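Asker: Contents of structure.txt (compact mmCIF, C-alpha atoms and all ligand atoms) are below:
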# COMPACT_ATOMS: atom_id res chain seq x y z
CA ASN A 1 0.09 -30.60 33.10
CA LYS A 2 -1.85 -30.06 36.34
CA GLN A 3 -5.57 -29.60 35.66
CA LEU A 4 -8.79 -28.91 37.55
CA LEU A 5 -11.82 -31.03 36.66
CA LEU A 6 -15.47 -31.24 37.69
CA ARG A 7 -16.29 -34.58 39.35
CA ASP A 8 -19.99 -34.60 38.43
CA TYR A 9 -22.76 -32.15 37.62
CA VAL A 10 -23.86 -30.21 40.66
CA SER A 11 -27.26 -29.36 42.12
CA GLY A 12 -27.69 -27.03 45.09
CA PHE A 13 -24.68 -25.24 46.54
CA PRO A 14 -21.36 -26.33 45.01
CA LYS A 15 -18.75 -27.86 47.34
CA GLU A 16 -14.97 -27.91 47.12
CA SER A 17 -15.14 -31.69 46.63
CA ASP A 18 -17.13 -31.19 43.40
CA LEU A 19 -13.81 -30.24 41.82
CA TYR A 20 -10.47 -32.02 41.87
CA VAL A 21 -6.92 -31.54 40.64
CA THR A 22 -5.29 -34.16 38.47
CA SER A 23 -2.31 -34.39 36.12
CA SER A 24 -1.99 -35.29 32.46
CA THR A 25 0.91 -35.22 30.04
CA LEU A 26 1.00 -32.55 27.40
CA LYS A 27 3.64 -32.15 24.73
CA LEU A 28 4.66 -28.49 24.86
CA LYS A 29 4.65 -28.28 21.09
CA LEU A 30 1.83 -27.59 18.65
CA PRO A 31 1.18 -30.21 15.97
CA GLN A 32 2.54 -29.36 12.50
CA GLY A 33 0.21 -26.95 10.67
CA SER A 34 -1.86 -26.15 13.75
CA GLU A 35 -3.66 -22.81 13.74
CA GLU A 36 -4.01 -22.85 17.51
CA VAL A 37 -2.15 -21.11 20.32
CA LEU A 38 -0.22 -22.90 23.08
CA VAL A 39 -0.28 -20.84 26.26
CA LYS A 40 1.07 -20.98 29.79
CA ASN A 41 -1.72 -19.97 32.18
CA LEU A 42 -0.80 -17.34 34.76
CA TYR A 43 -4.00 -16.10 36.45
CA LEU A 44 -7.46 -17.69 36.41
CA SER A 45 -10.66 -15.82 37.12
CA CYS A 46 -13.40 -17.15 39.42
CA ASP A 47 -16.72 -15.98 38.00
CA PRO A 48 -20.28 -16.60 39.20
CA TYR A 49 -21.50 -17.65 35.72
CA MET A 50 -19.29 -20.74 36.03
CA ARG A 51 -21.88 -22.14 38.45
CA ASN A 52 -24.30 -22.55 35.56
CA ARG A 53 -21.68 -24.52 33.66
CA MET A 54 -21.43 -26.95 36.60
CA LYS A 55 -25.03 -28.01 35.84
CA LYS A 56 -26.10 -30.53 33.25
CA LEU A 57 -27.78 -28.07 30.92
CA LEU A 58 -30.27 -30.06 28.86
CA ASN A 59 -31.19 -27.13 26.71
CA PRO A 60 -28.28 -24.72 26.94
CA ALA A 61 -30.13 -21.56 26.05
CA SER A 62 -27.66 -19.65 28.21
CA TYR A 63 -24.46 -18.08 26.99
CA ALA A 64 -22.25 -20.89 28.23
CA ASP A 65 -22.52 -24.64 27.81
CA SER A 66 -22.05 -27.26 30.58
CA PHE A 67 -18.46 -28.15 31.49
CA ASN A 68 -17.19 -31.37 29.99
CA LEU A 69 -16.56 -33.80 32.88
CA HIS A 70 -13.52 -35.32 31.22
CA SER A 71 -11.47 -32.23 30.48
CA PRO A 72 -10.37 -29.30 32.61
CA ILE A 73 -12.98 -26.68 33.34
CA SER A 74 -12.52 -23.45 31.43
CA GLY A 75 -13.02 -19.79 32.14
CA TYR A 76 -11.39 -16.41 31.81
CA GLY A 77 -7.70 -16.11 32.49
CA VAL A 78 -4.44 -14.36 31.71
CA ALA A 79 -1.78 -16.36 29.88
CA LYS A 80 1.51 -16.14 28.04
CA VAL A 81 1.87 -17.46 24.49
CA ILE A 82 4.47 -20.22 24.23
CA GLU A 83 3.90 -21.04 20.58
CA SER A 84 1.42 -19.81 18.01
CA GLY A 85 0.08 -21.20 14.76
CA ASP A 86 -2.35 -18.28 14.65
CA PRO A 87 -0.92 -15.26 12.81
CA LYS A 88 -2.63 -12.89 15.29
CA PHE A 89 -0.37 -14.05 18.14
CA LYS A 90 3.31 -14.70 18.62
CA GLU A 91 5.56 -16.29 21.22
CA GLY A 92 5.87 -14.11 24.32
CA ASP A 93 2.54 -12.28 23.83
CA LEU A 94 0.43 -11.82 26.93
CA VAL A 95 -3.27 -12.49 26.42
CA TRP A 96 -6.56 -12.62 28.31
CA GLY A 97 -9.64 -14.60 27.41
CA ILE A 98 -11.11 -18.07 27.68
CA THR A 99 -8.57 -20.69 28.68
CA GLY A 100 -8.41 -23.97 30.61
CA TRP A 101 -7.99 -24.37 34.36
CA GLU A 102 -4.61 -26.02 33.94
CA GLN A 103 -0.97 -25.06 33.68
CA TYR A 104 -0.82 -25.09 29.87
CA SER A 105 -3.65 -24.89 27.34
CA ILE A 106 -4.08 -25.13 23.61
CA ILE A 107 -6.61 -22.56 22.45
CA ASN A 108 -8.35 -22.12 19.15
CA ALA A 109 -8.58 -18.33 19.30
CA THR A 110 -10.62 -17.99 16.11
CA GLN A 111 -13.26 -20.41 17.37
CA ALA A 112 -13.34 -19.02 20.91
CA GLN A 113 -13.35 -15.37 19.70
CA THR A 114 -12.32 -14.26 23.16
CA LEU A 115 -8.58 -13.99 23.24
CA PHE A 116 -7.39 -10.42 23.58
CA LYS A 117 -3.77 -9.35 23.31
CA ILE A 118 -2.56 -7.40 26.35
CA HIS A 119 -0.75 -4.25 25.29
CA ASP A 120 -0.41 -2.35 28.54
CA THR A 121 1.65 -4.02 31.26
CA ASP A 122 2.20 -0.95 33.45
CA VAL A 123 -0.64 -2.26 35.61
CA PRO A 124 -0.77 -5.57 37.52
CA LEU A 125 -1.25 -8.35 34.99
CA SER A 126 -3.87 -10.00 37.22
CA TYR A 127 -6.11 -6.95 36.58
CA TYR A 128 -6.94 -8.51 33.21
CA THR A 129 -9.01 -11.12 35.09
CA GLY A 130 -10.97 -8.31 36.72
CA ILE A 131 -11.05 -4.56 36.25
CA LEU A 132 -9.37 -4.72 32.82
CA GLY A 133 -11.10 -7.91 31.72
CA MET A 134 -14.58 -9.36 31.59
CA PRO A 135 -15.87 -8.03 34.96
CA GLY A 136 -14.57 -4.54 34.18
CA MET A 137 -16.34 -4.56 30.83
CA THR A 138 -19.48 -5.77 32.60
CA ALA A 139 -19.41 -2.80 34.97
CA TYR A 140 -18.84 -0.42 32.05
CA VAL A 141 -21.56 -1.83 29.79
CA GLY A 142 -24.16 -2.22 32.51
CA PHE A 143 -23.62 1.24 33.92
CA TYR A 144 -22.85 3.45 30.93
CA GLU A 145 -24.48 1.66 28.02
CA LEU A 146 -27.66 0.46 29.72
CA CYS A 147 -28.35 3.03 32.43
CA SER A 148 -27.46 6.36 30.72
CA PRO A 149 -26.35 7.76 34.09
CA LYS A 150 -26.41 11.48 34.88
CA LYS A 151 -24.63 13.55 37.50
CA GLY A 152 -26.51 13.76 40.77
CA GLU A 153 -28.58 10.60 40.26
CA TYR A 154 -29.21 8.11 43.06
CA VAL A 155 -27.42 4.82 42.39
CA PHE A 156 -27.72 1.52 44.25
CA ILE A 157 -25.44 -1.49 43.68
CA SER A 158 -25.82 -4.97 45.19
CA ALA A 159 -22.83 -7.34 45.71
CA ALA A 160 -21.12 -3.98 45.63
CA SER A 161 -17.66 -4.96 46.85
CA GLY A 162 -17.19 -7.69 44.24
CA ALA A 163 -15.36 -7.80 40.94
CA VAL A 164 -18.05 -5.88 39.07
CA GLY A 165 -19.71 -3.87 41.86
CA GLN A 166 -16.63 -2.06 43.16
CA LEU A 167 -16.01 -0.61 39.71
CA VAL A 168 -19.64 0.37 39.07
CA GLY A 169 -19.60 2.33 42.33
CA GLN A 170 -16.41 4.16 41.41
CA PHE A 171 -17.73 4.99 37.92
CA ALA A 172 -20.85 6.42 39.54
CA LYS A 173 -18.86 8.47 42.07
CA LEU A 174 -16.59 9.88 39.35
CA LEU A 175 -19.71 11.01 37.51
CA GLY A 176 -21.03 12.79 40.60
CA CYS A 177 -23.80 10.40 41.59
CA TYR A 178 -24.95 9.54 45.13
CA VAL A 179 -23.90 5.91 45.56
CA VAL A 180 -24.96 3.25 48.04
CA GLY A 181 -23.85 -0.38 48.02
CA SER A 182 -24.94 -3.53 49.81
CA ALA A 183 -22.56 -6.33 50.79
CA GLY A 184 -22.50 -9.33 53.09
CA SER A 185 -20.03 -8.46 55.87
CA LYS A 186 -18.75 -5.57 57.97
CA GLU A 187 -15.35 -5.82 56.31
CA LYS A 188 -16.94 -5.38 52.88
CA VAL A 189 -19.15 -2.51 54.04
CA ASP A 190 -16.08 -0.72 55.45
CA LEU A 191 -14.25 -1.27 52.19
CA LEU A 192 -17.08 0.30 50.21
CA LYS A 193 -17.05 3.43 52.32
CA THR A 194 -13.35 3.89 52.95
CA LYS A 195 -11.60 2.45 49.90
CA PHE A 196 -14.12 2.88 47.07
CA GLY A 197 -15.68 6.15 48.24
CA PHE A 198 -19.33 5.04 48.32
CA ASP A 199 -21.52 7.56 50.12
CA GLU A 200 -23.17 4.82 52.16
CA ALA A 201 -23.10 1.04 52.43
CA PHE A 202 -24.96 -1.56 54.45
CA ASN A 203 -24.79 -5.25 55.32
CA TYR A 204 -27.91 -6.78 53.80
CA LYS A 205 -27.60 -9.83 56.08
CA GLU A 206 -28.25 -7.60 59.08
CA GLU A 207 -31.31 -5.90 57.62
CA PRO A 208 -34.50 -7.76 58.49
CA ASP A 209 -36.48 -5.41 56.22
CA LEU A 210 -34.68 -4.54 52.97
CA ASP A 211 -37.43 -2.15 51.91
CA ALA A 212 -36.97 -0.16 55.12
CA ALA A 213 -33.18 -0.18 54.66
CA LEU A 214 -33.49 1.21 51.13
CA LYS A 215 -35.97 3.87 52.30
CA ARG A 216 -33.41 4.91 54.90
CA TYR A 217 -30.64 5.40 52.31
CA PHE A 218 -32.86 6.59 49.47
CA PRO A 219 -35.63 8.72 50.96
CA GLU A 220 -36.28 10.08 47.45
CA GLY A 221 -35.93 6.73 45.69
CA ILE A 222 -33.43 5.06 43.34
CA ASP A 223 -32.65 6.26 39.81
CA ILE A 224 -30.26 3.44 38.87
CA TYR A 225 -30.02 -0.07 40.29
CA PHE A 226 -27.10 -2.25 39.23
CA GLU A 227 -28.58 -5.70 39.85
CA ASN A 228 -26.13 -8.42 40.85
CA VAL A 229 -28.12 -10.56 43.25
CA GLY A 230 -31.84 -10.81 42.38
CA GLY A 231 -34.43 -12.34 44.73
CA LYS A 232 -35.55 -10.34 47.78
CA MET A 233 -33.22 -7.44 47.01
CA LEU A 234 -34.75 -6.91 43.59
CA ASP A 235 -38.22 -6.99 45.09
CA ALA A 236 -37.24 -4.37 47.67
CA VAL A 237 -35.62 -2.15 45.03
CA LEU A 238 -38.76 -2.28 42.89
CA LEU A 239 -40.64 -0.68 45.79
CA ASN A 240 -38.14 2.20 45.88
CA LEU A 241 -37.79 3.30 42.27
CA ARG A 242 -37.95 6.89 41.15
CA LEU A 243 -39.79 7.93 38.02
CA HIS A 244 -37.92 6.71 34.89
CA ALA A 245 -35.52 4.55 36.92
CA ARG A 246 -33.19 2.15 35.10
CA ILE A 247 -32.16 -1.30 36.27
CA ALA A 248 -29.16 -3.04 34.68
CA GLY A 249 -29.97 -6.76 34.91
CA CYS A 250 -26.41 -8.00 35.30
CA GLY A 251 -26.72 -11.07 37.52
CA MET A 252 -28.84 -12.80 40.14
CA ILE A 253 -26.35 -14.74 42.20
CA SER A 254 -28.84 -15.40 45.03
CA GLN A 255 -30.73 -17.65 42.60
CA TYR A 256 -27.90 -19.65 41.03
CA ASN A 257 -27.94 -22.52 43.55
CA LEU A 258 -31.71 -22.81 43.92
CA GLU A 259 -33.52 -25.61 42.16
CA ARG A 260 -36.55 -23.33 41.84
CA PRO A 261 -35.80 -19.59 41.52
CA GLU A 262 -37.75 -17.34 43.91
CA GLY A 263 -40.61 -15.35 42.47
CA VAL A 264 -40.47 -11.56 42.04
CA HIS A 265 -43.61 -9.87 43.32
CA ASN A 266 -43.26 -6.15 42.69
CA LEU A 267 -42.76 -5.92 38.92
CA MET A 268 -45.90 -3.77 38.71
CA HIS A 269 -43.73 -0.91 40.01
CA LEU A 270 -41.85 -0.89 36.71
CA ILE A 271 -45.08 0.31 35.15
CA LEU A 272 -46.00 2.73 37.93
CA LYS A 273 -42.57 4.34 37.78
CA GLN A 274 -42.24 4.05 33.97
CA ALA A 275 -38.97 2.33 34.71
CA ARG A 276 -36.81 0.06 32.57
CA LEU A 277 -35.16 -3.24 33.50
CA GLU A 278 -32.74 -4.46 30.85
CA GLY A 279 -30.70 -7.62 30.99
CA PHE A 280 -27.39 -7.95 29.18
CA VAL A 281 -24.56 -10.36 28.45
CA VAL A 282 -21.17 -8.68 28.35
CA THR A 283 -19.79 -10.78 25.49
CA SER A 284 -22.18 -8.99 23.10
CA TYR A 285 -20.32 -5.73 23.84
CA TYR A 286 -16.67 -6.74 23.43
CA HIS A 287 -16.40 -4.42 20.40
CA LEU A 288 -16.40 -1.61 23.00
CA TYR A 289 -13.28 -2.98 24.73
CA PRO A 290 -10.83 -0.41 23.23
CA LYS A 291 -13.14 2.47 24.25
CA PHE A 292 -13.40 0.99 27.73
CA LEU A 293 -9.61 0.72 28.09
CA GLU A 294 -9.22 4.36 27.04
CA LEU A 295 -11.43 5.35 29.93
CA VAL A 296 -10.20 2.99 32.62
CA LEU A 297 -6.43 2.64 32.11
CA PRO A 298 -5.60 6.32 32.73
CA SER A 299 -7.92 6.39 35.75
CA ILE A 300 -6.10 3.40 37.28
CA LYS A 301 -2.70 4.93 36.60
CA GLN A 302 -3.74 8.27 38.09
CA GLY A 303 -5.11 6.50 41.16
CA LYS A 304 -8.65 7.74 40.47
CA ILE A 305 -9.91 4.18 40.36
CA VAL A 306 -8.66 1.47 42.72
CA TYR A 307 -9.25 -2.27 42.65
CA VAL A 308 -9.25 -4.91 45.37
CA GLU A 309 -8.38 -8.51 44.54
CA ASP A 310 -8.67 -11.68 46.57
CA VAL A 311 -5.76 -13.83 45.44
CA ALA A 312 -5.64 -17.61 45.93
CA GLU A 313 -2.28 -19.28 45.37
CA GLY A 314 -1.98 -22.36 43.14
CA LEU A 315 -4.39 -24.47 41.12
CA GLU A 316 -5.00 -26.57 44.28
CA SER A 317 -6.70 -23.56 45.86
CA GLY A 318 -9.06 -23.31 42.85
CA PRO A 319 -12.00 -25.36 44.24
CA ALA A 320 -12.20 -23.35 47.48
CA ALA A 321 -11.77 -20.06 45.64
CA LEU A 322 -14.46 -20.83 43.08
CA VAL A 323 -17.13 -22.21 45.43
CA GLY A 324 -16.31 -19.45 47.95
CA LEU A 325 -18.04 -16.94 45.64
CA PHE A 326 -21.40 -18.45 46.55
CA ALA A 327 -20.76 -18.08 50.28
CA GLY A 328 -19.42 -14.54 49.86
CA ARG A 329 -15.96 -15.59 51.09
CA ASN A 330 -14.19 -13.46 48.48
CA VAL A 331 -13.34 -9.89 49.37
CA GLY A 332 -12.99 -8.18 46.00
CA LYS A 333 -12.18 -9.90 42.72
CA GLN A 334 -11.44 -13.59 43.29
CA LEU A 335 -8.64 -15.02 41.20
CA VAL A 336 -6.25 -17.96 41.29
CA VAL A 337 -2.53 -17.67 40.57
CA VAL A 338 -1.20 -20.60 38.54
CA SER A 339 2.15 -18.99 37.86
CA ARG A 340 3.45 -15.43 38.12
CA GLU A 341 5.56 -15.62 34.95
P1 LIG B 401 -18.41 -11.03 43.09
O1 LIG B 401 -16.97 -10.74 43.04
O2 LIG B 401 -19.34 -9.97 43.57
O3 LIG B 401 -18.61 -12.36 43.95
C1 LIG B 401 -19.86 -12.86 44.22
C2 LIG B 401 -20.47 -12.16 45.46
O4 LIG B 401 -21.88 -12.34 45.42
C3 LIG B 401 -20.05 -12.78 46.78
O5 LIG B 401 -18.83 -12.30 47.24
C4 LIG B 401 -21.21 -12.36 47.68
O6 LIG B 401 -20.93 -11.08 48.21
C5 LIG B 401 -22.39 -12.24 46.71
N1 LIG B 401 -23.35 -13.31 46.97
C6 LIG B 401 -23.13 -14.65 46.94
N2 LIG B 401 -24.26 -15.32 47.24
C7 LIG B 401 -25.20 -14.38 47.47
C8 LIG B 401 -26.58 -14.44 47.83
N3 LIG B 401 -27.20 -15.60 48.01
N4 LIG B 401 -27.26 -13.28 47.99
C9 LIG B 401 -26.64 -12.09 47.81
N5 LIG B 401 -25.34 -11.97 47.46
C10 LIG B 401 -24.64 -13.10 47.30
O7 LIG B 401 -18.91 -11.50 41.64
P2 LIG B 401 -18.84 -10.65 40.29
O8 LIG B 401 -18.64 -9.22 40.60
O9 LIG B 401 -17.92 -11.34 39.38
O10 LIG B 401 -20.32 -10.85 39.71
C11 LIG B 401 -21.40 -10.06 40.21
C12 LIG B 401 -22.66 -10.41 39.45
O11 LIG B 401 -22.49 -10.05 38.08
C13 LIG B 401 -23.03 -11.88 39.46
O12 LIG B 401 -24.43 -12.00 39.58
C14 LIG B 401 -22.60 -12.37 38.08
O13 LIG B 401 -23.31 -13.49 37.65
C15 LIG B 401 -22.89 -11.14 37.25
N6 LIG B 401 -22.15 -11.04 35.99
C16 LIG B 401 -22.87 -10.86 34.84
C17 LIG B 401 -22.26 -10.70 33.64
C18 LIG B 401 -23.08 -10.45 32.44
O14 LIG B 401 -22.55 -10.48 31.31
N7 LIG B 401 -24.36 -10.18 32.58
C19 LIG B 401 -20.80 -10.78 33.52
C20 LIG B 401 -20.11 -10.91 34.82
C21 LIG B 401 -20.78 -11.04 36.00
P3 LIG B 401 -21.60 -10.60 49.59
O15 LIG B 401 -20.69 -11.04 50.70
O16 LIG B 401 -21.70 -9.14 49.43
O17 LIG B 401 -22.93 -11.29 49.69
Is it possible to give me this structure as structure tokens?
Answerer:
Amino acid sequence: NKQLLLRDYVSGFPKESDLYVTSSTLKLKLPQGSEEVLVKNLYLSCDPYMRNRMKKLLNPASYADSFNLHSPISGYGVAKVIESGDPKFKEGDLVWGITGWEQYSIINATQAQTLFKIHDTDVPLSYYTGILGMPGMTAYVGFYELCSPKKGEYVFISAASGAVGQLVGQFAKLLGCYVVGSAGSKEKVDLLKTKFGFDEAFNYKEEPDLDAALKRYFPEGIDIYFENVGGKMLDAVLLNLRLHARIAGCGMISQYNLERPEGVHNLMHLILKQARLEGFVVTSYYHLYPKFLELVLPSIKQGKIVYVEDVAEGLESGPAALVGLFAGRNVGKQLVVVSRE
């Protein structure tokens, strides 16, 4: 059973060499009386929150604990059930949820509470690591549940071409909003405008003055900011809010590798603009998953919503794929294929 492990806890930017592939033996049979599920992993999801789990968290107040150095790292994935001692699953079922970064895993679905049965396979199965999985739900919750968006509103999204951002932008366009995204390369900016239908997009790395850039795209200010990056971008957005603006505090990836997070200076503008910034953790909203599927599945099938994936082949490509998120190497949703069937 090929597995991917963390060598040691990481500070600063993670490197490929922080992770390594090894092999162990695993009997492909559940012990007698087991209530667990034995799965074959197909697709693994590279997610920014995994960076936090690479740290030695002394007081894990966050939603995920540190990785165990002596077992494979874990994260979201799509898998096929080989054997089940859990009455909710049976052999042959396809599932998505928390699994190990390895070829085969034994999962206690009741304990993990995040193993969903996949019912619709008319769409690419890998989508359940992205648009139809955790990142898709994140886009849905952050945009619809937290921001109460209305037609015609001015929406700004950072890390806009990524797993979450590309979907938020398309939701906003379908609703009739004016949508601008920021991303870190020309290729990504082009994708936002041509593939995802954003009204405008810009490369934040080429903007010496983010406040001026936002004023250029939002002369009347921003109603909704979907926050994925934090730091200087958040500060610039705060200077450009409209009255009663809403900010979905989804992530702050620019801060994840810093030993000391940057300060935010313009919070006063929340008061001046009577605006709301609300953080959220998607796992608290999984009860909305069926409602989310009802909205998104038909839109994908009708071609109203598209999704771009960045696919790395084989568990060996896992370290580069995962750490690449923090250098912006991924174009679209980053995932790793362990096996296609
Ligand atoms: P992406 O697919 O967008 O990948 C990460 C992207 O972040 C990179 O491609 C890069 O894009 C950008 N990035 C990396 N470093 C920096 C930096 N220093 N400054 C600015 N941008 C940077 O990831 P996801 O869509 O999966 O996640 C987006 C955000 O949502 C993250 O902050 C994540 O933590 C958060 N999240 C929160 C959840 C929740 O429950 N609250 C659940 C899931 C995700 P670029 O080239 O454009 O810079």
Asker: Could you name the residues that touch Met50 in chain A at 9 Å or less, counting all atoms listed in the file, but leaving out those on the same chain fewer than 4 positions away, as a list in words?
Answerer: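 Once the nearby chain positions are removed, what remains is Cys46, Met54, Ala64, Ser66, Phe67, Ser74, Gly75 and Leu322 of chain A.
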Asker: Taking 5 positions as the minimum chain separation for residues in the same chain, which residues sit within 12 Å of range 19-35 of chain A when counting only C-alpha atoms? Answer as a PyMOL selection string.
Answerer: chain A and resi 1-10+14+40+51+54+67+69-73+81-90+101-111+314-323
Asker: Set the cut-off to 8 Å, count only C-alpha atoms and all ligand atoms, and list whatever residues fall near ligand LIG 401 (chain B) as an MDAnalysis selection string.
Answerer: chainID A and resid 46:49 134:135 138 142 158:166 182:185 188 203:204 227:231 249:255 279:283 324:334
Asker: With a distance cut-off of 9 Å and only C-alpha atoms, select the neighbouring residues of range 232-236 of chain A, excluding the residue or stretch itself and same-chain residues fewer than 2 positions from it, and output the selection as a list of chain:residue names.
Answerer: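 Near range 232-236 of chain A, the qualifying residues are A:Ser158, A:Tyr204, A:Asp209, A:Leu210, A:Asp211, A:Ala212, A:Leu214, A:Tyr225, A:Glu227, A:Val229, A:Gly230, A:Leu238, A:Leu239, A:Asn240, A:Ser254, A:Glu262, A:Gly263, A:Val264, A:His265, A:Asn266, A:Leu267.
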Asker: Please indicate the distance in Å from CA of Ser339 in chain A to CA of Tyr43 in chain A, rounded to one decimal place.
Answerer: 6.9 Å
Asker: What does the structure give for the distance between CA of Ser126 in chain A and CA of Val179 in chain A, in Å to one decimal?
Answerer: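 These atoms are spaced 26.9 Å apart.
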Asker: Can you pull out the residues contacting Gly12 in chain A? Cut-off 8 Å, using only C-alpha atoms, and skip same-chain residues under 5 positions away; I want them as a list in words.
Answerer: Asn257, Leu258 and Glu259 of chain A
Asker: Next, write the just-selected residues to a file, as a short mmCIF file (atom, residue, chain, number, x, y, z; two decimals), keeping the file's coordinate frame, keeping C-alpha atoms as the atom set.
Answerer:
data_model
loop_
_atom_site.label_atom_id
_atom_site.label_comp_id
_atom_site.auth_asym_id
_atom_site.auth_seq_id
_atom_site.Cartn_x
_atom_site.Cartn_y
_atom_site.Cartn_z
CA ASN A 257 -27.94 -22.52 43.55
CA LEU A 258 -31.71 -22.81 43.92
CA GLU A 259 -33.52 -25.61 42.16
#
Asker: To one decimal in Å, tell me the separation between CA of Ala275 in chain A and CA of Leu243 in chain A.
Answerer: 6.6 Å
Asker: Which one is closest to Leu270 in chain A: A:Arg246, A:Glu91, A:Lys55, A:Leu125? Count all atoms listed in the file.
Answerer: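 Smallest distance to Leu270 in chain A is found for A:Arg246.
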Asker: Can you work out which one of A:Ser17, A:Glu145, A:Glu153, A:Lys80 has the shortest atom-to-atom distance to Leu38 in chain A, counting all atoms listed in the file?
Answerer: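 Of all the options, A:Lys80 lies closest to Leu38 in chain A.
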Asker: Name all residues at most 7 Å from Asp223 in chain A (count only C-alpha atoms; drop same-chain ones fewer than 5 positions away) and give them as a list in words.
Answerer: Glu153, Tyr154, Val155, Leu241, Arg242, Ala245 and Arg246 of chain A
Asker: Hey, which of A:Ile271, A:Val95, A:Leu132, A:Leu44 ends up closest to Leu295 in chain A? Count all atoms listed in the file.
Answerer: A:Leu132
Asker: Nearest to Glu220 in chain A: which of A:Tyr285, A:Tyr178, A:Glu309, A:Ala139 is it, counting all atoms listed in the file?
Answerer: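 Ranking A:Tyr285, A:Tyr178, A:Glu309, A:Ala139 by distance to Glu220 in chain A, first place goes to A:Tyr178.
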